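Read through the structure below, which is laid out as structure tokens, and then see the notes.
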Amino acid sequence: MHILLDGKSLSESIRDQIKTYVERITSRGYREPSLAVVLVGDDPASHIYVKNKRKACERVGIKSLFYHLPQNTKVPELLDLIASLNSDESVDGILVQLPLPQHIPQEEVILSISPKKDVDGFHPENMGKLVARIEGGFIPCTPLGIDLLLKHYNIDLKGKNVVIVGAGFIVGRPLALLMLWRDATVCVCHIHTKDITQYTKKADILISATGVPHLIKRDMVKEGAVVVDVGISKVGEKVLGDVDFERVKDKVYAITPVPGGVGPMTVTALLLNTLQAYRQNMNLKDGDL
Ligand SMILES: Nc1nc2c(c(=O)[nH]1)N[C@@H](CN(C=O)c1ccc(C(=O)N[C@@H](CCC(=O)O)C(=O)O)cc1)CN2
């Protein structure tokens, strides 16, 4: 391995810059940016992610408003809350933590969030901008975090074979669109793909987002590839990624660790999206600050 793609340290440096920006803007009399975080139910992992997101907001001076609704919340109650957040001018971004309890239709909830406040980038208007390569929409946080990480380490994507394992709504599908936007040749493998190794072995850049611990073995990776691991699974006391890091690391040019790779970049991308929502809401232009 030549390079460890260190999302933790890149995140710290981006968050320092965000903090400086927020301090500067508030010292000039503007209000602080704000993010409303909505959590429905008691999924333990979601609780941890939400706690981390709120802590990250507070550290950079973004106000976080937290709405914790019970597991048996009725759909209209959640939609009413979102409607009131949509019309509250002091709220810049709205995030509904996924997954939602089974009785709540995810699509209906996502559609109810104002695209201007959709800092997760899941609303079809923002996904559409990703398809059409229109600047100014919100890019989903994990794909944006990966893009920033690859850019920071000067990993060029133009004409490269990017193979994504996992076609989920939060990572795989929007990431494929973003990689296409970066002029990569993109292949997406999913649960019905036969013999994924034939694809992964051809990847210049292999990105796995399945949540299956150690799915990606040494013989599935091309020599000198860049490997990005989005998976996080708890196995006993251990946190494992999708990639068998110890056996893969000396075969590749660059690889992300788990933890400390893509995870912190996801949260940092959320802070950047919230800042973007704030600047658009406050009508701030680049020259203003
Ligand atoms: N509304 C959303 N819901 C969900 C999203 C999302 O982007 N928006 N993504 C995932 C979970 N997720 C953020 O919500 C997330 C997962 C993991 C991490 C992270 O920092 N991981 C650490 C390891 C943490 C551990 O030890 O368990 C790391 O990789 O270093 C951040 C965010 C589903 N839901």
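In the structure tokens, chains take the letters A, B, ... in the order shown, each chain's residues start at 1, and ligands count up from 1 in the order shown.
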
Kindly work out which residues sit at most 9 Å from ligand 1, using only C-alpha atoms and all ligand atoms, and give the list as number ranges by chain. A: 7-8, 37-38, 45-46, 48-50, 52-53, 95-100, 119-122, 140-143, 170-171, 229-234, 238-241, 257-267, 270

Write the selection just made, keeping N, CA and C atoms, as a short mmCIF file (atom, residue, chain, number, x, y, z; two decimals), in the first residue's frame?
data_model
loop_
_atom_site.label_atom_id
_atom_site.label_comp_id
_atom_site.auth_asym_id
_atom_site.auth_seq_id
_atom_site.Cartn_x
_atom_site.Cartn_y
_atom_site.Cartn_z
N GLY A 7 -9.77 9.50 6.03
CA GLY A 7 -10.95 10.37 6.07
C GLY A 7 -11.06 11.15 7.37
N LYS A 8 -10.46 10.59 8.43
CA LYS A 8 -10.57 11.25 9.73
C LYS A 8 -9.78 12.56 9.71
N VAL A 37 -32.58 17.75 12.71
CA VAL A 37 -32.34 16.31 12.59
C VAL A 37 -33.55 15.57 13.17
N VAL A 38 -34.14 14.71 12.34
CA VAL A 38 -35.34 13.99 12.78
C VAL A 38 -35.00 12.49 12.87
N ALA A 45 -28.01 1.92 16.10
CA ALA A 45 -26.99 2.49 15.20
C ALA A 45 -27.40 3.91 14.78
N SER A 46 -28.70 4.09 14.47
CA SER A 46 -29.17 5.43 14.06
C SER A 46 -28.96 6.44 15.18
N ILE A 48 -26.58 6.45 17.36
CA ILE A 48 -25.15 6.82 17.39
C ILE A 48 -24.83 7.77 16.24
N TYR A 49 -25.33 7.47 15.03
CA TYR A 49 -25.05 8.34 13.88
C TYR A 49 -25.59 9.74 14.11
N VAL A 50 -26.83 9.80 14.64
CA VAL A 50 -27.45 11.10 14.87
C VAL A 50 -26.68 11.89 15.94
N ASN A 52 -23.53 11.61 16.63
CA ASN A 52 -22.28 12.08 16.02
C ASN A 52 -22.50 13.27 15.10
N LYS A 53 -23.60 13.24 14.35
CA LYS A 53 -23.89 14.36 13.44
C LYS A 53 -24.15 15.64 14.23
N LEU A 95 -32.85 16.86 7.93
CA LEU A 95 -32.35 15.49 7.72
C LEU A 95 -33.25 14.52 8.47
N VAL A 96 -33.78 13.54 7.78
CA VAL A 96 -34.53 12.47 8.45
C VAL A 96 -33.65 11.23 8.40
N GLN A 97 -33.25 10.77 9.57
CA GLN A 97 -32.33 9.63 9.62
C GLN A 97 -33.00 8.36 9.08
N LEU A 98 -32.29 7.64 8.25
CA LEU A 98 -32.77 6.37 7.68
C LEU A 98 -32.01 5.21 8.32
N PRO A 99 -32.57 4.04 8.45
CA PRO A 99 -33.90 3.65 7.97
C PRO A 99 -35.02 4.14 8.89
N LEU A 100 -36.20 4.30 8.29
CA LEU A 100 -37.40 4.63 9.05
C LEU A 100 -38.09 3.34 9.49
N VAL A 119 -30.61 18.43 2.72
CA VAL A 119 -29.15 18.33 2.80
C VAL A 119 -28.65 16.90 2.64
N ASP A 120 -29.55 15.91 2.64
CA ASP A 120 -29.18 14.53 2.33
C ASP A 120 -29.12 14.29 0.81
N GLY A 121 -29.71 15.19 0.06
CA GLY A 121 -29.68 15.07 -1.40
C GLY A 121 -30.53 13.92 -1.94
N PHE A 122 -31.53 13.47 -1.17
CA PHE A 122 -32.32 12.30 -1.59
C PHE A 122 -33.57 12.67 -2.39
N PRO A 140 -25.82 13.57 -2.27
CA PRO A 140 -25.89 12.73 -1.07
C PRO A 140 -24.52 12.63 -0.36
N CYS A 141 -24.59 12.58 0.96
CA CYS A 141 -23.39 12.82 1.79
C CYS A 141 -22.27 11.79 1.60
N THR A 142 -22.60 10.52 1.53
CA THR A 142 -21.51 9.53 1.40
C THR A 142 -20.83 9.65 0.03
N PRO A 143 -21.58 9.71 -1.09
CA PRO A 143 -20.92 9.93 -2.38
C PRO A 143 -20.08 11.23 -2.40
N ILE A 170 -28.87 5.08 -0.74
CA ILE A 170 -28.10 6.08 -0.01
C ILE A 170 -26.70 6.26 -0.59
N VAL A 171 -26.11 5.14 -1.07
CA VAL A 171 -24.72 5.22 -1.55
C VAL A 171 -24.57 4.79 -3.02
N ASP A 229 -13.84 1.64 1.05
CA ASP A 229 -14.71 0.75 1.82
C ASP A 229 -15.78 1.56 2.56
N VAL A 230 -17.03 1.40 2.15
CA VAL A 230 -18.13 2.15 2.76
C VAL A 230 -18.81 1.34 3.87
N GLY A 231 -18.58 0.04 3.87
CA GLY A 231 -19.30 -0.84 4.80
C GLY A 231 -18.84 -0.67 6.24
N ILE A 232 -19.79 -0.77 7.15
CA ILE A 232 -19.47 -0.78 8.58
C ILE A 232 -20.36 -1.84 9.22
N SER A 233 -19.74 -2.87 9.79
CA SER A 233 -20.53 -3.90 10.49
C SER A 233 -19.90 -4.13 11.84
N LYS A 234 -20.74 -4.35 12.81
CA LYS A 234 -20.25 -4.71 14.15
C LYS A 234 -20.26 -6.23 14.25
N LYS A 238 -15.77 -5.94 17.41
CA LYS A 238 -15.01 -5.34 16.30
C LYS A 238 -15.91 -4.59 15.32
N VAL A 239 -15.34 -3.51 14.73
CA VAL A 239 -16.01 -2.82 13.62
C VAL A 239 -15.31 -3.27 12.35
N LEU A 240 -16.04 -3.94 11.45
CA LEU A 240 -15.43 -4.45 10.22
C LEU A 240 -16.02 -3.76 9.00
N GLY A 241 -15.16 -3.59 7.99
CA GLY A 241 -15.61 -3.05 6.72
C GLY A 241 -16.00 -4.17 5.76
N PRO A 257 -9.39 3.08 5.54
CA PRO A 257 -9.58 2.22 6.72
C PRO A 257 -11.05 2.24 7.16
N VAL A 258 -11.44 1.26 7.94
CA VAL A 258 -12.74 1.27 8.64
C VAL A 258 -12.47 0.90 10.09
N PRO A 259 -12.77 1.74 11.06
CA PRO A 259 -13.34 3.09 10.89
C PRO A 259 -12.27 4.11 10.47
N GLY A 260 -12.72 5.33 10.24
CA GLY A 260 -11.77 6.42 9.98
C GLY A 260 -11.56 6.74 8.51
N GLY A 261 -12.39 6.14 7.65
CA GLY A 261 -12.26 6.42 6.21
C GLY A 261 -13.45 7.21 5.70
N VAL A 262 -14.41 6.48 5.13
CA VAL A 262 -15.58 7.12 4.51
C VAL A 262 -16.55 7.68 5.57
N GLY A 263 -16.68 7.01 6.72
CA GLY A 263 -17.66 7.41 7.74
C GLY A 263 -17.54 8.88 8.13
N PRO A 264 -16.35 9.31 8.61
CA PRO A 264 -16.22 10.72 8.98
C PRO A 264 -16.44 11.68 7.80
N MET A 265 -16.11 11.23 6.57
CA MET A 265 -16.33 12.09 5.40
C MET A 265 -17.83 12.27 5.13
N THR A 266 -18.63 11.25 5.46
CA THR A 266 -20.09 11.36 5.30
C THR A 266 -20.62 12.49 6.18
N VAL A 267 -20.15 12.53 7.42
CA VAL A 267 -20.62 13.57 8.35
C VAL A 267 -20.10 14.95 7.91
N LEU A 270 -22.15 16.28 5.18
CA LEU A 270 -23.42 16.82 5.69
C LEU A 270 -23.24 18.26 6.18
#

Residues near Ile139 of chain A, cut-off 12 Å, only C-alpha atoms, skip fewer than 4 positions along chain, as a VMD selection string: chain A and resid 115 118 to 131 133 to 135 143 to 148 170 to 171 173 to 179 181 266 269 to 270 272 to 274 276 to 277

Running DSSP on the backbone, which parts of segment 39-267 of chain A land in helix (DSSP H, G or I), as JSON, numbers by chain? {"A": [44, 45, 46, 47, 48, 49, 50, 51, 52, 53, 54, 55, 56, 57, 58, 59, 60, 75, 76, 77, 78, 79, 80, 81, 82, 83, 84, 85, 86, 87, 106, 107, 108, 109, 110, 111, 112, 124, 125, 126, 127, 128, 129, 130, 131, 132, 141, 142, 143, 144, 145, 146, 147, 148, 149, 150, 151, 152, 172, 173, 174, 175, 176, 177, 178, 179, 180, 181, 197, 198, 199, 200, 218, 219, 220, 245, 246, 247, 248, 249, 250, 251, 262, 263, 264, 265, 266, 267]}

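Each of A:Leu271, A:Val60, A:Ala36, A:Thr73 was checked against Arg24 of chain A using only C-alpha atoms; the smallest atom-to-atom distance is that of A:Val60.
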
In segment 205-285 of chain A, DSSP strand (DSSP E) residues written as a ChimeraX atom specification: /A:205-208,226-229,233-235,238-240,254-255
